[in-house]
$ cat start_17.cif   # mmCIF, C-alpha atoms
data_work
loop_
_atom_site.label_atom_id
_atom_site.label_comp_id
_atom_site.auth_asym_id
_atom_site.auth_seq_id
_atom_site.Cartn_x
_atom_site.Cartn_y
_atom_site.Cartn_z
CA MET A 57 -36.64 238.33 117.78
CA GLY A 58 -34.21 237.91 114.90
CA ARG A 59 -31.74 240.55 113.86
CA SER A 60 -33.64 241.20 110.62
CA ARG A 61 -36.58 242.49 112.68
CA ARG A 62 -34.55 244.91 114.76
CA THR A 63 -34.39 248.41 113.42
CA LEU A 64 -31.47 250.77 113.80
CA PRO A 65 -33.30 253.01 116.34
CA GLU A 66 -33.98 249.93 118.47
CA GLU A 67 -30.34 248.85 118.30
CA LEU A 68 -29.11 252.33 119.21
CA LEU A 69 -31.47 252.42 122.18
CA LEU A 70 -30.37 248.98 123.39
CA LEU A 71 -26.75 250.13 123.17
CA ALA A 72 -27.58 253.15 125.31
CA LEU A 73 -29.51 251.18 127.93
CA ASP A 74 -27.45 250.69 131.08
CA PRO A 75 -27.93 247.07 132.24
CA THR A 76 -27.24 248.04 135.86
CA THR A 77 -29.35 251.16 136.37
CA GLY A 78 -32.03 250.60 133.73
CA THR A 79 -31.56 254.17 132.48
CA THR A 80 -30.38 255.40 129.11
CA ALA A 81 -27.03 257.10 128.64
CA GLN A 82 -26.92 260.53 126.98
CA PRO A 83 -30.74 260.90 127.09
CA GLN A 84 -31.02 264.30 125.41
CA SER A 85 -28.66 263.64 122.51
CA LEU A 86 -30.07 260.10 122.24
CA ASP A 87 -33.43 261.59 121.21
CA LEU A 88 -31.68 263.26 118.28
CA GLY A 89 -29.88 260.03 117.48
CA LEU A 90 -33.13 258.08 117.34
CA ALA A 91 -34.57 260.57 114.85
CA GLY A 92 -31.40 260.21 112.79
CA ALA A 93 -31.49 256.41 113.06
CA GLN A 94 -34.99 256.46 111.59
CA LEU A 95 -33.61 258.24 108.53
CA VAL A 96 -30.86 255.67 108.10
CA GLU A 97 -33.31 252.78 108.51
CA LEU A 98 -35.62 254.30 105.90
CA ALA A 99 -32.64 254.69 103.57
CA LEU A 100 -31.62 251.07 104.11
CA ALA A 101 -35.21 250.11 103.24
CA GLY A 102 -34.98 252.08 99.99
CA ARG A 103 -37.64 254.64 100.98
CA ILE A 104 -35.44 257.75 101.13
CA ALA A 105 -32.09 258.78 99.71
CA PRO A 106 -29.60 261.59 100.37
CA ASP A 107 -29.72 264.59 98.05
CA GLY A 108 -26.70 266.65 99.03
CA ASP A 109 -27.34 267.58 102.66
CA ARG A 110 -31.03 266.92 102.18
CA ILE A 111 -33.25 263.86 102.40
CA ALA A 112 -35.57 262.96 99.53
CA VAL A 113 -38.40 260.44 99.57
CA VAL A 114 -37.93 258.04 96.65
CA ALA A 115 -40.48 255.33 97.52
CA PRO A 116 -43.34 256.39 99.81
CA ARG A 117 -44.83 252.92 100.27
CA PRO A 118 -45.07 251.82 103.93
CA THR A 119 -42.40 249.66 105.51
CA GLY A 120 -44.78 247.90 107.88
CA ASP A 121 -43.16 249.48 110.94
CA PRO A 122 -45.65 252.03 112.36
CA THR A 123 -43.03 254.36 113.85
CA LEU A 124 -40.90 254.41 110.71
CA ASP A 125 -43.97 254.82 108.53
CA CYS A 126 -45.04 257.84 110.57
CA ALA A 127 -41.65 259.44 109.93
CA LEU A 128 -41.84 258.52 106.24
CA GLU A 129 -45.28 260.09 105.90
CA LEU A 130 -44.10 263.29 107.56
CA LEU A 131 -41.20 263.45 105.13
CA ARG A 132 -43.53 262.82 102.19
CA ARG A 133 -45.82 265.64 103.28
CA ARG A 134 -42.95 268.09 103.08
CA GLY A 135 -43.25 267.82 99.30
CA ALA A 136 -39.57 268.61 98.76
CA PRO A 137 -36.27 267.29 100.09
CA VAL A 138 -35.64 268.42 103.66
CA ARG A 139 -32.28 269.19 105.20
CA ALA A 140 -31.23 266.37 107.52
CA VAL A 141 -30.19 268.84 110.22
CA ASN A 142 -33.61 270.54 110.16
CA TRP A 143 -35.44 267.22 110.35
CA ILE A 144 -33.36 265.90 113.23
CA GLY A 145 -33.56 269.22 115.06
CA GLY A 146 -37.35 269.31 114.89
CA PRO A 147 -39.58 268.37 117.84
CA ARG A 148 -39.43 264.67 118.71
CA LEU A 149 -41.54 264.55 121.85
CA GLY A 150 -41.73 261.07 123.31
CA LEU A 151 -39.69 259.32 120.61
CA ARG A 152 -37.44 257.56 123.12
CA GLN A 153 -40.43 256.45 125.17
CA THR A 154 -42.16 255.23 122.02
CA TYR A 155 -39.23 252.93 121.29
CA LEU A 156 -38.89 251.79 124.90
CA SER A 157 -42.57 250.86 124.92
CA HIS A 158 -42.12 249.03 121.62
CA LEU A 159 -39.17 247.06 122.98
CA GLU A 160 -41.27 246.19 126.02
CA ARG A 161 -44.12 244.91 123.86
CA CYS A 162 -41.61 242.81 121.91
CA GLY A 163 -40.33 241.31 125.15
CA MET A 164 -36.83 242.74 124.77
CA VAL A 165 -37.03 244.91 127.89
CA HIS A 166 -39.32 245.03 130.90
CA ALA A 167 -40.38 248.09 132.86
CA VAL A 168 -39.48 248.37 136.55
CA VAL A 169 -41.70 250.91 138.32
CA GLY A 170 -40.32 252.64 141.39
CA GLN A 171 -40.15 255.93 143.22
CA MET A 172 -37.60 258.68 143.54
CA CYS A 173 -37.15 260.02 147.06
CA GLY A 174 -40.12 257.86 148.01
CA VAL A 175 -42.52 260.19 146.20
CA LEU A 176 -41.90 260.74 142.48
CA PRO A 177 -42.83 257.75 140.29
CA THR A 178 -40.04 256.45 138.07
CA THR A 179 -39.80 253.79 135.38
CA ARG A 180 -36.59 252.01 134.50
CA TYR A 181 -36.08 249.43 131.81
CA GLN A 182 -34.10 246.22 132.11
CA ALA A 183 -33.12 244.10 129.13
CA THR A 184 -34.77 240.69 129.22
CA ASP A 185 -32.41 239.12 126.68
CA THR A 186 -28.88 240.32 127.23
CA GLU A 187 -27.69 238.14 124.35
CA ILE A 188 -29.24 240.60 121.89
CA SER A 189 -27.40 243.54 123.43
CA ARG A 190 -24.16 241.54 123.46
CA GLU A 191 -24.58 240.71 119.77
CA ILE A 192 -25.07 244.38 118.88
CA ARG A 193 -22.06 245.39 120.97
CA SER A 194 -20.01 242.56 119.45
CA ARG A 195 -20.52 243.97 115.96
CA LEU A 196 -19.11 247.32 117.04
CA ASP A 197 -16.24 245.71 118.93
CA SER A 198 -15.35 243.58 115.92
CA ALA A 199 -15.32 246.56 113.56
CA ILE A 200 -13.14 248.52 115.99
CA ARG A 201 -10.76 245.65 116.71
CA THR A 202 -10.25 244.25 113.22
CA GLY A 203 -10.32 247.44 111.17
CA VAL A 204 -12.30 245.57 108.50
CA PRO A 205 -14.92 247.88 106.90
CA PRO A 206 -18.25 246.96 108.54
CA ASP A 207 -21.57 246.45 106.81
CA PRO A 208 -23.63 249.65 106.25
CA ARG A 209 -25.91 248.99 109.22
CA THR A 210 -23.05 248.53 111.66
CA ALA A 211 -21.18 251.52 110.21
CA ALA A 212 -24.27 253.70 110.63
CA LEU A 213 -24.80 252.42 114.17
CA ALA A 214 -21.19 253.30 115.02
CA ALA A 215 -21.57 256.75 113.49
CA LEU A 216 -24.72 257.45 115.49
CA ALA A 217 -23.24 256.04 118.71
CA HIS A 218 -20.34 258.45 118.31
CA ALA A 219 -22.61 261.36 117.39
CA VAL A 220 -24.76 261.06 120.51
CA GLY A 221 -21.78 260.56 122.83
CA LEU A 222 -22.14 256.86 123.61
CA GLY A 223 -18.42 256.29 123.10
CA LYS A 224 -17.62 257.19 126.70
CA HIS A 225 -20.46 254.91 127.86
CA LEU A 226 -19.34 251.95 125.75
CA TYR A 227 -15.57 252.45 126.09
CA PRO A 228 -14.99 254.43 129.29
CA GLY A 229 -11.83 255.83 130.81
CA ASN A 230 -8.32 256.23 129.47
CA GLU A 231 -8.20 252.58 128.48
CA GLY A 232 -11.12 253.15 126.11
CA ARG A 233 -9.62 256.18 124.38
CA SER A 234 -8.31 254.32 121.33
CA SER A 235 -11.62 252.46 120.93
CA ARG A 236 -13.54 255.74 121.08
CA SER A 237 -11.25 257.12 118.39
CA ARG A 238 -11.81 254.10 116.15
CA LEU A 239 -15.56 254.32 116.77
CA ARG A 240 -15.46 257.89 115.47
CA ASP A 241 -13.46 256.81 112.41
CA LEU A 242 -16.12 254.25 111.41
CA ILE A 243 -18.32 257.17 110.39
CA ARG A 244 -16.67 257.22 106.97
CA HIS A 245 -17.86 253.75 105.98
CA ASP A 246 -21.52 254.64 105.32
CA PRO A 247 -22.42 257.88 103.47
CA MET A 248 -25.98 258.03 104.80
CA GLY A 249 -24.90 257.23 108.33
CA GLY A 250 -22.20 259.86 108.06
CA LEU A 251 -24.61 262.49 106.78
CA VAL A 252 -27.06 261.82 109.60
CA ALA A 253 -24.38 261.60 112.30
CA HIS A 254 -22.91 264.95 111.26
CA ALA A 255 -26.42 266.43 111.29
CA VAL A 256 -26.96 265.13 114.84
CA MET A 257 -23.70 266.75 115.96
CA ASP A 258 -24.55 270.00 114.16
CA VAL A 259 -27.89 270.21 115.96
CA GLN A 260 -26.17 269.69 119.32
CA ASN A 261 -23.65 272.41 118.47
CA GLY A 262 -26.31 274.82 117.23
CA VAL A 263 -24.99 274.77 113.67
CA ALA A 264 -28.23 274.34 111.75
CA ALA A 265 -29.05 277.72 110.26
CA GLN A 266 -27.30 277.41 106.92
CA PRO A 267 -26.00 274.58 104.73
CA ARG A 268 -22.32 273.87 104.98
CA ARG A 269 -20.26 275.75 102.42
CA SER A 270 -16.90 274.97 100.93
CA PRO A 271 -14.23 277.50 101.94
CA ALA A 272 -13.56 280.05 99.22
CA PRO A 273 -10.06 280.63 97.79
CA PRO A 274 -8.22 283.62 99.27
CA GLY A 275 -9.48 286.91 97.90
CA ARG A 276 -12.69 285.44 96.51
CA PRO A 277 -16.19 285.53 98.02
CA ALA A 278 -17.65 282.45 99.60
CA VAL A 279 -20.05 280.32 97.59
CA GLY A 280 -23.63 281.49 97.89
CA GLY A 281 -23.11 285.24 97.85
CA SER A 282 -20.65 288.11 98.13
CA ARG A 283 -21.55 289.23 101.64
CA PRO A 284 -18.94 288.72 104.36
CA ALA A 285 -19.56 285.70 106.52
CA THR A 286 -20.42 287.91 109.47
CA GLU A 287 -23.12 289.86 107.64
CA PRO A 288 -26.62 288.33 107.46
CA ALA A 289 -28.63 288.35 104.27
CA ARG A 290 -31.12 291.20 104.04
CA GLY A 291 -34.15 290.51 106.20
CA VAL A 292 -32.58 287.43 107.79
CA PRO A 293 -31.44 287.75 111.42
CA MET A 294 -28.03 286.55 112.42
CA GLN A 295 -28.04 283.03 113.80
CA PRO A 296 -26.27 282.32 117.11
CA ARG A 297 -23.03 280.41 116.78
CA HIS A 298 -23.10 278.93 120.24
CA GLY A 299 -25.46 277.13 122.53
CA THR A 300 -27.68 274.22 121.75
CA MET A 301 -30.76 274.20 119.60
CA ALA A 302 -34.06 273.13 121.02
CA ARG A 303 -34.04 269.41 121.09
CA ALA A 304 -36.54 266.67 121.80
CA VAL A 305 -37.75 266.31 125.36
CA ALA A 306 -38.16 262.76 126.53
CA HIS A 307 -40.96 261.74 128.81
#

$ encode --input "start_17.cif" --output "structure tokens"
Amino acid sequence: MGRSRRTLPEELLLLALDPTTGTTAQPQSLDLGLAGAQLVELALAGRIAPDGDRIAVVAPRPTGDPTLDCALELLRRRGAPVRAVNWIGGPRLGLRQTYLSHLERCGMVHAVVGQMCGVLPTTRYQATDTEISREIRSRLDSAIRTGVPPDPRTAALAALAHAVGLGKHLYPGNEGRSSRSRLRDLIRHDPMGGLVAHAVMDVQNGVAAQPRRSPAPPGRPAVGGSRPATEPARGVPMQPRHGTMARAVAH
């Protein structure tokens, strides 16, 4: 399968797939990353565009990819631009399994059925063409090593890899610290990838109740109202500032 036929969610999933254990790193945050990667892929295809911190559908015609088209249709049905953080934080039951099954059908991974403790059935996935995974990893390594601004797809992939915590999986230990730092810095090279990556991190941190606001000058109220930051709007309950929002549950 050529690179042009691999979508960003597929590449993110292949990056996360451990070639030794057949499991995916950072499984819970990866579900959020896959939802975010769908947004970036749709943007690269010209179907959606950022509108502040929101996502607007600009061309609702199908892409030909059933999973992406399902996401596009759901966005279209909203009827108005949706905040990226709300979209990514919504239920995404089975999204990771959907993409694993797709990669299996494409012959890029194969399922290995086993048992846990001799009783519970398990399924692990092994890459069938490690060259593809090496090529994806090589693009990240090159961007980190050379410092040359990467193409939008690679920049977005780096941003999402950082957002879901794959840095410690790709560049482990103290020796990988500088590479993890450079991976994080690549987030600035693609506006859409940056928007989505920040939304993924906000969902993980539970910061999804209100849009981000610019800090107000000393002595002046914050933008969006004169109430103190600690006082909720009338009729609106205070949102928790800690914990993790409900996130997708993988099967």

$ resolve_selection --input "start_17.cif" --expression "the PyMOL selection byres ((chain A and resi 169) around 6)" --output "VMD selection string"
chain A and resid 168 170 178 to 179

$ closest_atom_pairs --input "start_17.cif" --of "segment 168-213 of chain A" --to "segment 142-164 of chain A" --cutoff "12 Å" --atoms "all atoms listed in the file" --output "tab-separated table"
residue	atom	partner	partner_atom	distance
A:Val168	CA	A:Glu160	CA	10.9
A:Thr179	CA	A:Gln153	CA	10.6
A:Arg180	CA	A:Leu156	CA	9.9
A:Tyr181	CA	A:Leu156	CA	7.8
A:Gln182	CA	A:Met164	CA	8.6
A:Ala183	CA	A:Met164	CA	5.9
A:Thr184	CA	A:Met164	CA	5.3
A:Asp185	CA	A:Met164	CA	6.0
A:Thr186	CA	A:Met164	CA	8.7
A:Glu187	CA	A:Met164	CA	10.2
A:Ile188	CA	A:Met164	CA	8.4
A:Ser189	CA	A:Met164	CA	9.6

$ closest_residue --input "start_17.cif" --among "A:Ser85, A:His218, A:Asp107, A:Gly92" --to "Asn261 of chain A" --atoms "all atoms listed in the file"
A:Ser85

$ resolve_selection --input "start_17.cif" --expression "the PyMOL selection byres ((chain A and resi 103) around 8)" --output "number ranges by chain"
A: 98-102, 104-105, 113-117, 128

$ closest_residue --input "start_17.cif" --among "A:Val263, A:Leu213, A:Leu71, A:Val256" --to "Leu239 of chain A" --atoms "only C-alpha atoms"
A:Leu213

$ build_atoms --input "start_17.cif" --residues "segment 201-212 of chain A" --atoms "all heavy atoms" --output "CSV table (one decimal), in the frame of the given file"
chain,number,residue,atom,x,y,z
A,201,ARG,N,-11.9,246.5,116.5
A,201,ARG,CA,-10.8,245.6,116.7
A,201,ARG,C,-10.1,245.2,115.4
A,201,ARG,O,-8.8,245.3,115.3
A,201,ARG,CB,-11.2,244.4,117.5
A,201,ARG,CG,-10.0,243.5,117.9
A,201,ARG,CD,-10.5,242.3,118.7
A,201,ARG,NE,-11.3,241.5,118.0
A,201,ARG,CZ,-12.7,241.4,118.2
A,201,ARG,NH1,-13.2,242.2,119.1
A,201,ARG,NH2,-13.4,240.6,117.5
A,202,THR,N,-10.8,244.8,114.4
A,202,THR,CA,-10.2,244.2,113.2
A,202,THR,C,-9.9,245.3,112.2
A,202,THR,O,-9.0,245.1,111.4
A,202,THR,CB,-11.2,243.2,112.6
A,202,THR,OG1,-12.4,243.9,112.1
A,202,THR,CG2,-11.6,242.2,113.6
A,203,GLY,N,-10.6,246.4,112.2
A,203,GLY,CA,-10.3,247.4,111.2
A,203,GLY,C,-10.9,247.1,109.8
A,203,GLY,O,-10.8,247.8,108.8
A,204,VAL,N,-11.6,246.0,109.7
A,204,VAL,CA,-12.3,245.6,108.5
A,204,VAL,C,-13.5,246.4,108.3
A,204,VAL,O,-14.3,246.6,109.3
A,204,VAL,CB,-12.7,244.1,108.5
A,204,VAL,CG1,-13.5,243.7,107.3
A,204,VAL,CG2,-11.5,243.2,108.7
A,205,PRO,N,-13.7,247.0,107.1
A,205,PRO,CA,-14.9,247.9,106.9
A,205,PRO,C,-16.2,247.1,107.3
A,205,PRO,O,-16.4,246.0,106.7
A,205,PRO,CB,-14.9,248.2,105.4
A,205,PRO,CG,-13.4,248.1,105.1
A,205,PRO,CD,-12.9,247.0,105.9
A,206,PRO,N,-17.0,247.7,108.1
A,206,PRO,CA,-18.2,247.0,108.5
A,206,PRO,C,-19.3,247.1,107.5
A,206,PRO,O,-19.2,247.9,106.5
A,206,PRO,CB,-18.6,247.7,109.8
A,206,PRO,CG,-18.1,249.1,109.6
A,206,PRO,CD,-16.9,248.9,108.8
A,207,ASP,N,-20.4,246.3,107.7
A,207,ASP,CA,-21.6,246.4,106.8
A,207,ASP,C,-22.2,247.8,107.1
A,207,ASP,O,-22.0,248.4,108.1
A,207,ASP,CB,-22.6,245.3,107.1
A,207,ASP,CG,-23.1,245.4,108.5
A,207,ASP,OD1,-22.4,244.8,109.4
A,207,ASP,OD2,-24.1,246.0,108.7
A,208,PRO,N,-23.0,248.3,106.1
A,208,PRO,CA,-23.6,249.6,106.2
A,208,PRO,C,-24.4,249.9,107.5
A,208,PRO,O,-24.3,250.9,108.1
A,208,PRO,CB,-24.5,249.8,105.0
A,208,PRO,CG,-23.9,248.9,104.0
A,208,PRO,CD,-23.4,247.7,104.8
A,209,ARG,N,-25.1,248.8,108.0
A,209,ARG,CA,-25.9,249.0,109.2
A,209,ARG,C,-25.0,249.2,110.4
A,209,ARG,O,-25.2,250.1,111.3
A,209,ARG,CB,-26.8,247.8,109.4
A,209,ARG,CG,-27.7,247.8,110.7
A,209,ARG,CD,-28.6,246.6,110.8
A,209,ARG,NE,-29.6,246.7,109.7
A,209,ARG,CZ,-30.7,247.4,109.8
A,209,ARG,NH1,-31.0,248.0,110.9
A,209,ARG,NH2,-31.5,247.4,108.8
A,210,THR,N,-24.0,248.4,110.5
A,210,THR,CA,-23.0,248.5,111.7
A,210,THR,C,-22.3,249.8,111.6
A,210,THR,O,-22.1,250.5,112.6
A,210,THR,CB,-22.1,247.3,111.7
A,210,THR,OG1,-22.8,246.1,111.8
A,210,THR,CG2,-21.1,247.5,112.9
A,211,ALA,N,-21.9,250.2,110.4
A,211,ALA,CA,-21.2,251.5,110.2
A,211,ALA,C,-22.1,252.7,110.6
A,211,ALA,O,-21.6,253.6,111.3
A,211,ALA,CB,-20.7,251.7,108.8
A,212,ALA,N,-23.3,252.6,110.2
A,212,ALA,CA,-24.3,253.7,110.6
A,212,ALA,C,-24.5,253.7,112.1
A,212,ALA,O,-24.6,254.8,112.8
A,212,ALA,CB,-25.6,253.5,109.9
